[in-house]
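Listing of my_file.cif; format and content: mmCIF, C-alpha atoms.
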```
data_my_file
#
loop_
_atom_site.group_PDB
_atom_site.id
_atom_site.type_symbol
_atom_site.label_atom_id
_atom_site.label_comp_id
_atom_site.auth_asym_id
_atom_site.auth_seq_id
_atom_site.Cartn_x
_atom_site.Cartn_y
_atom_site.Cartn_z
ATOM 1 C CA MET A 1 4.131 -27.613 -2.754
ATOM 2 C CA ASN A 2 3.849 -27.161 -6.511
ATOM 3 C CA GLN A 3 0.124 -26.516 -6.212
ATOM 4 C CA VAL A 4 0.671 -23.873 -3.546
ATOM 5 C CA SER A 5 3.481 -22.320 -5.569
ATOM 6 C CA ASP A 6 1.335 -22.228 -8.719
ATOM 7 C CA LEU A 7 -1.569 -20.708 -6.788
ATOM 8 C CA MET A 8 0.691 -18.058 -5.242
ATOM 9 C CA GLY A 9 2.125 -17.187 -8.664
ATOM 10 C CA GLU A 10 -1.353 -16.858 -10.165
ATOM 11 C CA SER A 11 -2.501 -14.751 -7.222
ATOM 12 C CA MET A 12 0.491 -12.419 -7.529
ATOM 13 C CA ARG A 13 -0.079 -11.984 -11.287
ATOM 14 C CA GLU A 14 -3.737 -11.108 -10.717
ATOM 15 C CA THR A 15 -2.849 -8.725 -7.889
ATOM 16 C CA ARG A 16 -0.289 -7.015 -10.117
ATOM 17 C CA ARG A 17 -2.858 -6.682 -12.896
ATOM 18 C CA ILE A 18 -5.408 -5.111 -10.550
ATOM 19 C CA CYS A 19 -2.845 -2.785 -8.948
ATOM 20 C CA LEU A 20 -1.473 -1.602 -12.266
ATOM 21 C CA TYR A 21 -4.870 -0.741 -13.680
ATOM 22 C CA THR A 22 -6.511 1.063 -10.784
ATOM 23 C CA GLU A 23 -6.732 4.827 -10.612
ATOM 24 C CA THR A 24 -5.073 5.094 -7.214
ATOM 25 C CA THR A 25 -2.008 3.041 -8.058
ATOM 26 C CA THR A 26 0.595 3.890 -10.627
ATOM 27 C CA VAL A 27 3.570 2.021 -11.953
ATOM 28 C CA ASP A 28 5.754 4.802 -10.539
ATOM 29 C CA ARG A 29 4.310 4.360 -7.050
ATOM 30 C CA LEU A 30 4.833 0.595 -7.125
ATOM 31 C CA HIS A 31 8.370 1.099 -8.385
ATOM 32 C CA GLU A 32 9.105 3.573 -5.574
ATOM 33 C CA GLU A 33 7.773 1.160 -2.973
ATOM 34 C CA HIS A 34 9.856 -1.724 -4.327
ATOM 35 C CA GLU A 35 12.927 0.488 -4.601
ATOM 36 C CA ALA A 36 12.569 1.548 -0.956
ATOM 37 C CA ILE A 37 12.447 -2.107 0.093
ATOM 38 C CA PHE A 38 15.455 -2.956 -2.063
ATOM 39 C CA LEU A 39 17.548 -0.042 -0.815
ATOM 40 C CA ALA A 40 16.796 -0.851 2.808
ATOM 41 C CA ILE A 41 17.952 -4.426 2.249
ATOM 42 C CA LYS A 42 20.996 -3.280 0.284
ATOM 43 C CA ASN A 43 21.920 -0.858 3.076
ATOM 44 C CA GLU A 44 21.473 -3.639 5.635
ATOM 45 C CA SER A 45 18.666 -1.829 7.449
ATOM 46 C CA PRO A 46 16.307 -4.612 8.530
ATOM 47 C CA ASP A 47 13.950 -2.329 10.468
ATOM 48 C CA LEU A 48 13.567 0.017 7.495
ATOM 49 C CA ALA A 49 13.164 -2.951 5.142
ATOM 50 C CA ALA A 50 10.409 -4.376 7.339
ATOM 51 C CA THR A 51 8.673 -1.017 7.605
ATOM 52 C CA SER A 52 8.905 -0.435 3.848
ATOM 53 C CA MET A 53 7.544 -3.909 3.123
ATOM 54 C CA LYS A 54 4.663 -3.450 5.570
ATOM 55 C CA GLU A 55 3.769 -0.109 3.975
ATOM 56 C CA HIS A 56 3.866 -1.674 0.513
ATOM 57 C CA LEU A 57 1.659 -4.590 1.565
ATOM 58 C CA PHE A 58 -0.750 -2.202 3.297
ATOM 59 C CA ASN A 59 -1.028 -0.153 0.100
ATOM 60 C CA VAL A 60 -1.614 -3.263 -2.021
ATOM 61 C CA GLU A 61 -4.210 -4.506 0.466
ATOM 62 C CA SER A 62 -5.965 -1.139 0.317
ATOM 63 C CA VAL A 63 -6.066 -1.153 -3.485
ATOM 64 C CA LEU A 64 -7.388 -4.723 -3.545
ATOM 65 C CA SER A 65 -10.021 -3.976 -0.878
ATOM 66 C CA ASN A 66 -11.247 -0.978 -2.851
ATOM 67 C CA TYR A 67 -11.301 -3.048 -6.023
ATOM 68 C CA MET A 68 -13.283 -5.869 -4.387
ATOM 69 C CA ARG A 69 -15.694 -3.358 -2.818
ATOM 70 C CA SER A 70 -16.284 -1.768 -6.236
ATOM 71 C CA LEU A 71 -17.196 -5.182 -7.695
ATOM 72 C CA SER A 72 -19.924 -5.696 -5.099
ATOM 73 C CA GLU A 73 -21.549 -2.300 -5.665
#
```

Before anything else, please render the file you have as structure tokens.
Amino acid sequence: MNQVSDLMGESMRETRRICLYTETTTVDRLHEEHEAIFLAIKNESPDLAATSMKEHLFNVESVLSNYMRSLSE
């Protein structure tokens, strides 16, 4: 479990680094996405929380896909 946990932590740090330094992603955008997730949970809106989390993960996936594509060009 510790190995998986360490790997996940390293992966999240690298993802954060890539997301924060790409042109299409800003700190403000990431903050807004996380705030939307938090507020949905705080307001006990599980459907909105799930939707907000899915949108956030989709955006992160898109940024990472673009980043990986740019490395292969």

Open item on the list: Which residues, named as in the file, does the PyMOL selection byres ((chain A and resi 55) around 12) pick out? Answer as a ChimeraX atom specification.
Closed with: /A:29-30,32-34,36-37,48-54,56-62

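A straight line drawn from CA of Ser5 in chain A to CA of Cys19 in chain A is 20.8 Å long.
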
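Note that CA of Glu14 in chain A and CA of Ser65 in chain A are 13.7 Å apart.
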
Open item on the list: Just the number, please: distance in Å from CA of Val27 in chain A to CA of Tyr67 in chain A, one decimal.
Closed with: 16.8 Å

Open item on the list: Taking all atoms listed in the file into account, name the residue in A:Leu64, A:Thr26, A:Glu35, A:Ala40 that is nearest to Ser11 in chain A.
Closed with: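 Once distances to Ser11 in chain A are computed over all atoms listed in the file, the minimum belongs to A:Leu64.
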
TODO: Give the answer as one residue: which of A:Met1, A:Phe38, A:Val63, A:Asn43 has the shortest atom-to-atom distance to Arg17 in chain A, using only C-alpha atoms?
DONE: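 Looking at the shortest contact to Arg17 in chain A, the residue is A:Val63.
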